[in-house]
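Below is one structure; the comments refer to it alone.
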Amino acid sequence: MFLPFFSTLRDEGVPVSLREFLTFLEGLAQNLVIYDTEGFYLLARTILVKDERHLDRFDRAFSKSFSGLDTISPEAMIEAMDLPRDWLEKLAEKTLSDEEKSKIEALGGFDKLMETLRERLKEQQKRHQGGNKWIGTAGTSPFGAYGYNPEGVRIGQDKSRHQRAVKVWDKREFRNLDDTRELGTRNIKVALKRLRKWARTGAAEELDLDQTISSTAKHGYLDVQTRPERRNAVKVLLFFDVGGSMDPHIRVLEELFSAAKAEFKHLEHFYFHNCLYEGVWRDNARRWNAQTPTWEVLRTYGPDYKCIFVGDASMSPYEIAYQGGANEHWNEESGEVWLRRAIEHWPQTLWINPVQEEHWKYTHSIGMIRTIFGADRMVPMTLEGLERGFKLLAR
């Protein structure tokens, strides 16, 4: 009966394996959850989802497969209910107080409870609020919603005040972690971690706990071992396209810049407009009178830097291909010449594009930049896109 659920998970893009699905079925066979909608959801999510990026997809698949669980009619629910009597008795002994047990005994036990519920459902034809007899809301009757009875049955309630059967999958609290979504600073930091390359340099000042334990056990006395401090040795050079068509993307550029500064000790950045030419700058307010020659940047930062361009690559093709094609100044050499110099000097180069990937084919200049860099060296500014690009840079 759960095969459609498995198929829906795969259709929604959740990479669940057959082994994981069999483990899920085994958990159900071992009665890890019984008559508990929320527990069933949590069990399935724990076993079938390996990456938090897929939580939103899982919730969509779960909702498609089991959205009818909370819409079953009271009559059908009662007829289908087959709780083992010995299980109920043992549960009651463990969890119910003497007073609560007396209430159930006064009603006549579980069989009487079910029989009374059927009769009241037939008699009652309208909503009832409060009280201790009719099936309604906020009362002390064993039936209804928003009330409480130790052996009660919940009917007509969209959620449980006691958190016993909330449709948590419809909350979809993790939807912003879907890897096709645009990024926030936290998610960018997660992606940037793929670029980390740790190196141990300097004096041995950091406690090496594993070696201390091993050496102490070997010598029979406390033998403290130290090691050089662990630092992030990756060097990153960022070039940001600013102005014009990049104005709508300012926020995500700021998030990327903020995340990168927090992650990397060796980070340098410059700005350019549309395409790389003979000059770049660090301060946009002084971009005409305080430019840094691109040749100087090439000489200053060695090929061990990972070079990342961030821009929409949307411009006139002349700005890339021709001398004098720049729209703000006369460029003695084409943008393509400067881009190829950068790629030759920094072999580990990437272009991050904030434009949605499915729209790239409609802008000729994007295709030209992809040809210069290599098709796989331009990635979209999504979590999946950054991880794809950083895998290339980490090689």
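Labeling convention for the structure tokens: chains A, B, ... as they appear, residues from 1 per chain, ligands from 1 in order of appearance.
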Applying 7 Å and only C-alpha atoms, which residues near A:Gly311 remain after dropping the ones on its own chain fewer than 3 positions away? List them as a PyMOL selection string. chain A and resi 240-241+352-354
Alpha helix (DSSP H) per DSSP on the backbone: members of stretch 286-387 of chain A, as a PyMOL selection string: chain A and resi 294-300+317-321+335-345+364-373+383-387
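Restricting the calculation to only C-alpha atoms, the smallest distance between A:Lys261 and any of A:Ala285, A:Leu238, A:Met1, A:Leu42 is found for A:Leu238.
The spacing separating atom CA of A:Met368 from atom CA of A:Ala321 amounts to 8.9 Å.
Between A:His266 and the residues A:His249, A:Lys235, A:Arg287, A:Arg60, the shortest atom-to-atom distance, using only C-alpha atoms, involves A:Lys235.
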